[in-house]
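Data from final_21.cif: mmCIF, C-alpha atoms
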```cif
data_entry
loop_
_atom_site.group_PDB
_atom_site.id
_atom_site.type_symbol
_atom_site.label_atom_id
_atom_site.label_comp_id
_atom_site.auth_asym_id
_atom_site.auth_seq_id
_atom_site.Cartn_x
_atom_site.Cartn_y
_atom_site.Cartn_z
ATOM 1 C CA ALA A 299 -59.526 5.706 3.299
ATOM 2 C CA ALA A 300 -59.159 9.455 3.002
ATOM 3 C CA ALA A 301 -55.405 9.104 2.848
ATOM 4 C CA ALA A 302 -55.728 6.439 0.154
ATOM 5 C CA ALA A 303 -58.048 8.650 -1.837
ATOM 6 C CA ALA A 304 -55.654 11.565 -1.552
ATOM 7 C CA ALA A 305 -52.768 9.437 -2.713
ATOM 8 C CA ALA A 306 -54.774 8.349 -5.756
ATOM 9 C CA SER A 307 -55.953 11.860 -6.602
ATOM 10 C CA PRO A 308 -54.196 14.313 -8.941
ATOM 11 C CA GLU A 309 -53.533 16.523 -5.894
ATOM 12 C CA GLY A 310 -51.789 13.617 -4.185
ATOM 13 C CA GLU A 311 -49.681 13.029 -7.292
ATOM 14 C CA ALA A 312 -48.759 16.717 -7.361
ATOM 15 C CA GLU A 313 -47.677 16.583 -3.706
ATOM 16 C CA ALA A 314 -45.588 13.482 -4.370
ATOM 17 C CA ASP A 315 -44.014 15.130 -7.409
ATOM 18 C CA ALA A 316 -43.204 18.281 -5.408
ATOM 19 C CA ASP A 317 -41.635 16.199 -2.641
ATOM 20 C CA HIS A 318 -39.616 14.325 -5.255
ATOM 21 C CA LYS A 319 -38.265 17.576 -6.684
ATOM 22 C CA ASN A 320 -37.210 18.717 -3.216
ATOM 23 C CA ASN A 321 -35.036 15.630 -2.920
ATOM 24 C CA VAL A 322 -33.292 15.802 -6.276
ATOM 25 C CA TRP A 323 -30.146 17.821 -6.961
ATOM 26 C CA THR A 324 -28.263 18.411 -10.188
ATOM 27 C CA VAL A 325 -24.495 18.077 -10.060
ATOM 28 C CA SER A 326 -22.891 21.049 -11.806
ATOM 29 C CA GLY A 327 -20.915 19.904 -14.823
ATOM 30 C CA LYS A 328 -18.600 22.910 -14.997
ATOM 31 C CA TRP A 329 -15.866 21.226 -12.969
ATOM 32 C CA LEU A 330 -16.007 17.929 -14.866
ATOM 33 C CA ARG A 331 -13.264 17.803 -17.450
ATOM 34 C CA ASP A 332 -12.491 16.421 -20.866
ATOM 35 C CA LEU A 333 -8.890 15.343 -21.422
ATOM 36 C CA GLY A 334 -9.255 16.516 -24.999
ATOM 37 C CA ASP A 335 -7.755 13.477 -26.700
ATOM 38 C CA GLY A 336 -10.867 11.465 -27.421
ATOM 39 C CA ARG A 337 -10.937 9.665 -24.090
ATOM 40 C CA LYS A 338 -14.054 9.256 -21.997
ATOM 41 C CA ARG A 339 -15.432 12.482 -20.553
ATOM 42 C CA GLU A 340 -15.373 12.736 -16.775
ATOM 43 C CA GLU A 341 -18.559 11.579 -15.032
ATOM 44 C CA VAL A 342 -19.694 11.033 -11.459
ATOM 45 C CA ILE A 343 -19.881 7.281 -10.757
ATOM 46 C CA SER A 344 -19.879 7.064 -6.926
ATOM 47 C CA VAL A 345 -21.410 8.934 -4.016
ATOM 48 C CA VAL A 346 -21.135 8.636 -0.241
ATOM 49 C CA VAL A 347 -22.244 10.752 2.701
ATOM 50 C CA ASP A 348 -19.878 11.572 5.548
ATOM 51 C CA THR A 349 -21.572 9.881 8.518
ATOM 52 C CA ASP A 350 -19.951 12.300 10.994
ATOM 53 C CA CYS A 351 -21.182 15.390 9.160
ATOM 54 C CA PRO A 352 -23.518 17.427 11.426
ATOM 55 C CA THR A 353 -26.054 17.865 8.612
ATOM 56 C CA SER A 354 -25.671 14.498 6.919
ATOM 57 C CA ASP A 355 -29.462 14.085 6.762
ATOM 58 C CA SER A 356 -29.787 17.174 4.561
ATOM 59 C CA LEU A 357 -27.793 19.404 2.246
ATOM 60 C CA ASP A 358 -26.731 22.867 3.311
ATOM 61 C CA GLU A 359 -24.871 25.462 1.269
ATOM 62 C CA LYS A 360 -22.286 25.780 4.067
ATOM 63 C CA ASP A 361 -21.689 22.072 4.618
ATOM 64 C CA SER A 362 -20.144 19.497 2.317
ATOM 65 C CA CYS A 363 -21.371 16.145 3.584
ATOM 66 C CA VAL A 364 -21.630 14.607 0.123
ATOM 67 C CA VAL A 365 -18.521 13.155 -1.498
ATOM 68 C CA VAL A 366 -18.547 12.002 -5.121
ATOM 69 C CA GLY A 367 -16.033 10.002 -7.133
ATOM 70 C CA THR A 368 -15.490 10.285 -10.873
ATOM 71 C CA ASN A 369 -14.355 7.898 -13.578
ATOM 72 C CA HIS A 370 -11.160 9.983 -13.818
ATOM 73 C CA GLY A 371 -10.260 9.076 -10.248
ATOM 74 C CA ARG A 372 -11.107 12.382 -8.569
ATOM 75 C CA MET A 373 -12.921 12.588 -5.217
ATOM 76 C CA VAL A 374 -14.732 15.865 -4.551
ATOM 77 C CA GLN A 375 -16.876 17.224 -1.723
ATOM 78 C CA LEU A 376 -20.089 18.897 -2.883
ATOM 79 C CA ARG A 377 -22.351 21.496 -1.315
ATOM 80 C CA ARG A 378 -25.504 23.298 -2.390
ATOM 81 C CA HIS A 379 -25.148 26.326 -4.624
ATOM 82 C CA MET A 380 -25.572 29.611 -2.740
ATOM 83 C CA ARG A 381 -28.319 30.835 -5.075
ATOM 84 C CA HIS A 382 -29.571 27.703 -6.828
ATOM 85 C CA SER A 383 -30.613 25.324 -4.077
ATOM 86 C CA SER A 384 -31.192 22.408 -6.458
ATOM 87 C CA GLU A 385 -27.612 22.478 -7.784
ATOM 88 C CA LEU A 386 -24.528 20.904 -6.190
ATOM 89 C CA VAL A 387 -21.111 22.491 -6.696
ATOM 90 C CA PRO A 388 -17.592 21.557 -5.501
ATOM 91 C CA ALA A 389 -16.623 22.527 -1.976
ATOM 92 C CA GLY A 390 -13.185 20.932 -1.963
ATOM 93 C CA ALA A 391 -11.105 18.101 -3.382
ATOM 94 C CA LEU A 392 -10.315 15.015 -1.313
ATOM 95 C CA TRP A 393 -8.296 13.519 -4.140
ATOM 96 C CA ASN A 394 -7.198 15.284 -7.298
ATOM 97 C CA VAL A 395 -5.253 13.732 -10.157
ATOM 98 C CA LEU A 396 -3.586 15.488 -13.056
ATOM 99 C CA GLY A 397 -1.639 14.613 -16.191
ATOM 100 C CA LYS A 398 -0.546 11.012 -16.634
ATOM 101 C CA ALA A 399 -1.883 10.142 -13.172
ATOM 102 C CA ALA A 400 -5.393 10.979 -14.428
ATOM 103 C CA LEU A 401 -5.034 8.465 -17.241
ATOM 104 C CA GLU A 402 -3.897 5.739 -14.848
ATOM 105 C CA GLU A 403 -6.807 6.394 -12.477
ATOM 106 C CA GLN A 404 -9.536 6.243 -15.127
ATOM 107 C CA VAL A 405 -12.058 3.535 -14.330
ATOM 108 C CA ASP A 406 -12.649 0.810 -16.893
ATOM 109 C CA GLY A 407 -15.281 -1.906 -16.816
ATOM 110 C CA LEU A 408 -18.591 -2.055 -15.004
ATOM 111 C CA ALA A 409 -17.610 -0.199 -11.843
ATOM 112 C CA THR A 410 -20.634 0.692 -9.708
ATOM 113 C CA SER A 411 -19.525 2.224 -6.406
ATOM 114 C CA LEU A 412 -15.848 2.666 -5.684
ATOM 115 C CA MET A 413 -16.282 4.466 -2.340
ATOM 116 C CA THR A 414 -17.944 3.757 0.986
ATOM 117 C CA ALA A 415 -18.265 5.697 4.233
ATOM 118 C CA ILE A 416 -17.446 4.088 7.566
ATOM 119 C CA PRO A 417 -17.908 5.430 11.113
ATOM 120 C CA GLY A 418 -15.450 8.037 12.278
ATOM 121 C CA GLY A 419 -15.739 10.391 9.323
ATOM 122 C CA LEU A 420 -13.703 8.125 7.056
ATOM 123 C CA VAL A 421 -14.178 7.183 3.414
ATOM 124 C CA LEU A 422 -12.723 4.011 1.917
ATOM 125 C CA ALA A 423 -11.976 4.160 -1.798
ATOM 126 C CA LEU A 424 -10.787 1.664 -4.394
ATOM 127 C CA ARG A 425 -7.915 3.426 -6.115
ATOM 128 C CA GLU A 426 -5.044 2.848 -8.534
ATOM 129 C CA GLY A 427 -6.780 0.600 -11.017
ATOM 130 C CA GLN A 428 -9.054 -0.803 -8.277
ATOM 131 C CA ARG A 429 -6.040 -2.568 -6.779
ATOM 132 C CA ASN A 430 -5.684 -0.671 -3.503
ATOM 133 C CA VAL A 431 -8.013 0.576 -0.770
ATOM 134 C CA HIS A 432 -7.288 4.012 0.647
ATOM 135 C CA ALA A 433 -8.777 5.291 3.918
ATOM 136 C CA ILE A 434 -9.352 9.049 3.799
ATOM 137 C CA ASP A 435 -10.173 11.413 6.650
ATOM 138 C CA VAL A 436 -12.871 13.601 5.102
ATOM 139 C CA GLN A 437 -12.644 16.512 7.544
ATOM 140 C CA ASN A 438 -8.850 16.803 7.392
ATOM 141 C CA LYS A 439 -8.595 15.734 3.725
ATOM 142 C CA LYS A 440 -5.837 13.307 4.628
ATOM 143 C CA VAL A 441 -5.037 9.708 3.690
ATOM 144 C CA VAL A 442 -4.693 7.735 6.927
ATOM 145 C CA GLY A 443 -3.967 4.335 5.401
ATOM 146 C CA LYS A 444 -3.494 2.313 2.222
ATOM 147 C CA TRP A 445 -3.858 -1.440 1.695
ATOM 148 C CA ARG A 446 -3.561 -3.690 -1.342
ATOM 149 C CA VAL A 447 -6.486 -5.994 -2.101
ATOM 150 C CA PRO A 448 -6.075 -9.474 -3.636
ATOM 151 C CA GLN A 449 -5.987 -9.591 -7.422
ATOM 152 C CA LEU A 450 -8.128 -12.404 -8.826
ATOM 153 C CA HIS A 451 -7.159 -13.672 -12.247
ATOM 154 C CA GLY A 452 -9.691 -12.537 -14.855
ATOM 155 C CA ARG A 453 -11.766 -10.516 -12.387
ATOM 156 C CA THR A 454 -12.134 -6.845 -11.446
ATOM 157 C CA TRP A 455 -13.315 -5.354 -8.164
ATOM 158 C CA THR A 456 -16.402 -3.263 -8.966
ATOM 159 C CA ALA A 457 -17.962 -2.166 -5.660
ATOM 160 C CA ILE A 458 -17.001 -1.563 -2.047
ATOM 161 C CA ALA A 459 -18.966 -1.358 1.207
ATOM 162 C CA GLY A 460 -17.756 -1.207 4.780
ATOM 163 C CA GLY A 461 -18.637 -1.133 8.447
ATOM 164 C CA ALA A 462 -16.764 -0.599 11.679
ATOM 165 C CA LYS A 463 -14.763 -3.819 11.440
ATOM 166 C CA HIS A 464 -15.195 -5.340 7.969
ATOM 167 C CA LEU A 465 -14.809 -4.414 4.336
ATOM 168 C CA TYR A 466 -16.927 -5.986 1.585
ATOM 169 C CA LEU A 467 -15.800 -6.071 -2.040
ATOM 170 C CA ALA A 468 -17.793 -7.241 -5.058
ATOM 171 C CA ASN A 469 -16.131 -8.428 -8.216
ATOM 172 C CA GLN A 470 -17.444 -8.615 -11.726
ATOM 173 C CA GLY A 471 -18.525 -12.072 -12.803
ATOM 174 C CA GLY A 472 -17.403 -13.237 -16.199
ATOM 175 C CA ALA A 473 -14.688 -10.599 -16.371
ATOM 176 C CA CYS A 474 -11.881 -10.748 -18.877
ATOM 177 C CA GLY A 475 -8.222 -10.079 -18.212
ATOM 178 C CA ASN A 476 -5.682 -8.777 -20.721
ATOM 179 C CA ILE A 477 -2.730 -11.135 -21.247
ATOM 180 C CA PRO A 478 -0.284 -10.062 -20.130
ATOM 181 C CA GLU A 479 -2.123 -7.627 -17.862
ATOM 182 C CA ARG A 480 -0.127 -4.568 -18.982
ATOM 183 C CA TRP A 481 0.453 -5.608 -22.592
ATOM 184 C CA LEU A 482 1.996 -3.073 -24.978
ATOM 185 C CA ASP A 483 2.471 -3.504 -28.695
ATOM 186 C CA ALA A 484 5.828 -3.107 -30.421
ATOM 187 C CA LYS A 485 5.257 0.662 -30.624
ATOM 188 C CA GLY A 486 4.376 0.997 -26.945
ATOM 189 C CA TYR A 487 0.578 1.277 -27.298
ATOM 190 C CA SER A 488 -1.613 -0.425 -24.680
ATOM 191 C CA CYS A 489 -4.894 -2.299 -24.941
ATOM 192 C CA LYS A 490 -6.573 0.823 -23.592
ATOM 193 C CA ALA A 491 -5.141 2.868 -26.469
ATOM 194 C CA TYR A 492 -6.432 0.363 -29.042
ATOM 195 C CA SER A 493 -9.896 0.512 -27.507
ATOM 196 C CA GLU A 494 -10.188 4.265 -26.956
ATOM 197 C CA ARG A 495 -8.724 5.175 -30.341
ATOM 198 C CA LYS A 496 -11.024 2.678 -32.073
ATOM 199 C CA TRP A 497 -8.198 0.723 -33.635
ATOM 200 C CA CYS A 498 -9.970 -2.579 -32.989
ATOM 201 C CA THR A 499 -13.434 -4.020 -32.426
ATOM 202 C CA SER A 500 -14.724 -6.285 -29.682
ATOM 203 C CA ILE A 501 -14.662 -9.256 -32.084
ATOM 204 C CA GLY A 502 -11.013 -8.853 -33.046
ATOM 205 C CA GLU A 503 -11.422 -6.951 -36.288
ATOM 206 C CA TYR A 504 -9.838 -3.650 -37.329
ATOM 207 C CA GLY A 505 -11.576 -0.590 -35.926
ATOM 208 C CA THR A 506 -12.857 2.462 -37.771
ATOM 209 C CA ASN A 507 -9.697 4.461 -37.026
ATOM 210 C CA TRP A 508 -7.197 1.774 -38.067
ATOM 211 C CA PHE A 509 -5.503 2.768 -41.326
ATOM 212 C CA LEU A 510 -4.906 0.006 -43.865
ATOM 213 C CA LEU A 511 -1.433 1.442 -44.516
ATOM 214 C CA TRP A 512 -0.493 0.383 -40.970
ATOM 215 C CA GLY A 513 -0.752 -3.255 -41.994
ATOM 216 C CA HIS A 514 -1.912 -6.184 -39.892
ATOM 217 C CA PHE A 515 -2.024 -6.352 -36.079
ATOM 218 C CA SER A 516 0.693 -8.986 -36.320
ATOM 219 C CA ARG A 517 3.099 -6.311 -37.512
ATOM 220 C CA TYR A 518 3.020 -4.846 -33.992
ATOM 221 C CA GLN A 519 3.144 -8.138 -32.110
ATOM 222 C CA ASN A 520 4.825 -8.084 -28.699
ATOM 223 C CA PHE A 521 5.252 -10.702 -25.945
ATOM 224 C CA GLY A 522 3.958 -13.228 -28.458
ATOM 225 C CA GLN A 523 0.606 -11.436 -28.612
ATOM 226 C CA THR A 524 -1.242 -9.054 -30.895
ATOM 227 C CA ALA A 525 -4.044 -6.727 -29.872
ATOM 228 C CA SER A 526 -6.640 -9.251 -31.039
ATOM 229 C CA THR A 527 -5.211 -11.961 -28.777
ATOM 230 C CA ALA A 528 -3.978 -9.929 -25.799
ATOM 231 C CA CYS A 529 -6.745 -7.343 -25.311
ATOM 232 C CA CYS A 530 -10.238 -8.033 -23.992
ATOM 233 C CA ASP A 531 -11.648 -5.008 -25.838
ATOM 234 C CA CYS A 532 -10.213 -6.359 -29.079
ATOM 235 C CA GLY A 533 -11.712 -9.836 -28.779
ATOM 236 C CA GLY A 534 -8.759 -11.426 -26.999
ATOM 237 C CA GLY A 535 -7.640 -11.719 -23.400
ATOM 238 C CA ASP A 536 -8.245 -14.414 -20.836
ATOM 239 C CA ARG A 537 -11.924 -15.368 -20.947
ATOM 240 C CA GLU A 538 -11.756 -18.558 -18.925
ATOM 241 C CA ASP A 539 -13.957 -16.917 -16.280
ATOM 242 C CA ARG A 540 -16.750 -15.933 -18.683
ATOM 243 C CA THR A 541 -19.369 -18.243 -17.068
ATOM 244 C CA ALA A 542 -18.432 -17.448 -13.457
ATOM 245 C CA SER A 543 -20.938 -15.702 -11.215
ATOM 246 C CA SER A 544 -20.228 -12.446 -9.417
ATOM 247 C CA GLN A 545 -18.764 -12.714 -5.936
ATOM 248 C CA ILE A 546 -18.753 -10.718 -2.694
ATOM 249 C CA TRP A 547 -15.703 -11.042 -0.481
ATOM 250 C CA ARG A 548 -15.448 -9.986 3.157
ATOM 251 C CA PHE A 549 -12.159 -8.787 4.620
ATOM 252 C CA PRO A 550 -11.402 -7.644 8.181
ATOM 253 C CA LEU A 551 -10.410 -4.008 8.356
ATOM 254 C CA PRO A 552 -6.725 -3.527 9.244
ATOM 255 C CA GLN A 553 -6.280 -3.241 12.999
ATOM 256 C CA GLU A 554 -4.762 0.229 12.772
ATOM 257 C CA LEU A 555 -7.886 1.429 10.965
ATOM 258 C CA VAL A 556 -10.200 -0.278 13.469
ATOM 259 C CA LYS A 557 -8.395 1.582 16.267
ATOM 260 C CA ILE A 558 -8.952 4.919 14.513
ATOM 261 C CA VAL A 559 -12.667 4.150 14.080
ATOM 262 C CA GLU A 560 -13.096 3.039 17.711
ATOM 263 C CA GLU A 561 -11.256 6.086 19.025
ATOM 264 C CA ARG A 562 -13.373 8.478 16.995
ATOM 265 C CA MET A 563 -16.597 6.751 17.989
ATOM 266 C CA ARG A 564 -15.633 7.130 21.657
ATOM 267 C CA GLN A 565 -14.989 10.854 21.380
ATOM 268 C CA PRO A 566 -18.681 11.952 21.216
ATOM 269 C CA GLN A 567 -19.514 9.588 24.089
ATOM 270 C CA ASP A 568 -16.700 11.029 26.211
ATOM 271 C CA ALA A 569 -17.849 14.556 25.384
ATOM 272 C CA ASN A 570 -21.441 13.727 26.388
ATOM 273 C CA ALA A 571 -20.237 12.139 29.625
ATOM 274 C CA ARG A 572 -18.269 15.278 30.521
ATOM 275 C CA THR A 573 -21.328 17.412 29.757
ATOM 276 C CA ASP A 574 -23.496 15.263 32.043
ATOM 277 C CA GLU A 575 -20.915 15.446 34.829
ATOM 278 C CA ARG A 576 -20.752 19.225 34.494
ATOM 279 C CA ALA A 577 -24.550 19.492 34.602
ATOM 280 C CA GLU A 578 -24.717 17.334 37.733
ATOM 281 C CA ALA A 579 -22.025 19.392 39.425
ATOM 282 C CA GLU A 580 -23.817 22.638 38.646
ATOM 283 C CA SER A 581 -27.170 21.307 39.853
ATOM 284 C CA GLY A 582 -25.543 19.992 43.052
#
```
Represent the structure of the file as structure tokens.
Amino acid sequence: AAAAAAAASPEGEAEADADHKNNVWTVSGKWLRDLGDGRKREEVISVVVDTDCPTSDSLDEKDSCVVVGTNHGRMVQLRRHMRHSSELVPAGALWNVLGKAALEEQVDGLATSLMTAIPGGLVLALREGQRNVHAIDVQNKKVVGKWRVPQLHGRTWTAIAGGAKHLYLANQGGACGNIPERWLDAKGYSCKAYSERKWCTSIGEYGTNWFLLWGHFSRYQNFGQTASTACCDCGGGDREDRTASSQIWRFPLPQELVKIVEERMRQPQDANARTDERAEAESG
């Protein structure tokens, strides 16, 4: 009863609030970039914790157990600021992309979590337009494997989770696919360009930045399509899947990756066994 009363009291609320503040960190925005051409500013959209990190249950200014992914495709290790304990700053880059590669890696759609940690100090990430899974050794900052995932017509992979032997992928229900997938108009502009430059609207009309002197969309038709028929963001695309529910697919991890995980999980056990043997020998 006393505990219940304390929880309901202002003092209890203050304690809860203080505990909450001790478990909240602000990600420094100084390293997040703006490509400077009107495209979406870089933001953190995914976070995982290295399960093999010695201080994975806390955050230390010397350790970088937390890995974040951004909508520009970068993967960065974070640590606590030396002086400001509630702020997280970069400790190193697991994956950095520059120039045109940054544009190709930008995440579109309703992506939720594009990374997951699995045993053995590995992170799996959906990369390259959410078409491939990369396995990354966090400690050595090295890609140890890459696999292509199935592409489902009109759907986009939006989340990833994994264990020691399986990989789970969620896809967005009711997704829309551009037709053709990499459509370009007669001038070489993509659906993404039409959307980001506000040349069209989601209902197929001309956007706020489309100049009347440019004429109709049909003037730039290519592959038998205009922006308003080819691009999802411009009211077109393949919308046959619009009533479909979201799905979760399970895939077995590639055998070569399973072997890496099993080997790394055995290493601590082998080390403990050697320690026990040494202790027994010394006591004998």
Applying 10 Å and all atoms listed in the file, which residues near Val366 of chain A remain after dropping the ones on its own chain fewer than 3 positions away? List them as a compact mmCIF listing (two decimals) with C-alpha atoms, in the coordinates of the input.
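Output file part-v6.txt is given in full below:
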```txt
# COMPACT_ATOMS: atom_id res chain seq x y z
CA VAL A 325 -24.50 18.08 -10.06
CA GLU A 341 -18.56 11.58 -15.03
CA VAL A 342 -19.69 11.03 -11.46
CA ILE A 343 -19.88 7.28 -10.76
CA SER A 344 -19.88 7.06 -6.93
CA VAL A 345 -21.41 8.93 -4.02
CA VAL A 346 -21.14 8.64 -0.24
CA VAL A 347 -22.24 10.75 2.70
CA ARG A 372 -11.11 12.38 -8.57
CA MET A 373 -12.92 12.59 -5.22
CA VAL A 374 -14.73 15.86 -4.55
CA GLN A 375 -16.88 17.22 -1.72
CA LEU A 376 -20.09 18.90 -2.88
CA PRO A 388 -17.59 21.56 -5.50
CA ALA A 391 -11.10 18.10 -3.38
CA LEU A 392 -10.32 15.02 -1.31
CA SER A 411 -19.52 2.22 -6.41
CA LEU A 412 -15.85 2.67 -5.68
CA MET A 413 -16.28 4.47 -2.34
```
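If only C-alpha atoms are the atoms counted, then among A:Ser384, A:Thr349, A:Asn394, A:Gln553 the closest residue to Gly371 of chain A is A:Asn394.
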* **Selection result for the PyMOL selection byres ((chain A and resi 424) around 12) on this file, as a PyMOL selection string** => chain A and resi 344+367-369+371-373+403-405+409-414+421-423+425-434+444-447+454-460+465-468
* Surrounding residues of Ile558 of chain A excluding itself and chain neighbours under 4 positions, 10 Å, only C-alpha atoms, as a PyMOL selection string -> chain A and resi 417-418+420+442+462+553-554+562-563
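For the pair atom CA of Ser516 of chain A and atom CA of Lys490 of chain A, the interatomic distance is 17.6 Å.
Ranking A:Val436, A:Leu555, A:Ala491, A:Leu330 by their shortest atom-to-atom distance to Cys532 of chain A, with all atoms listed in the file included, puts A:Ala491 first.
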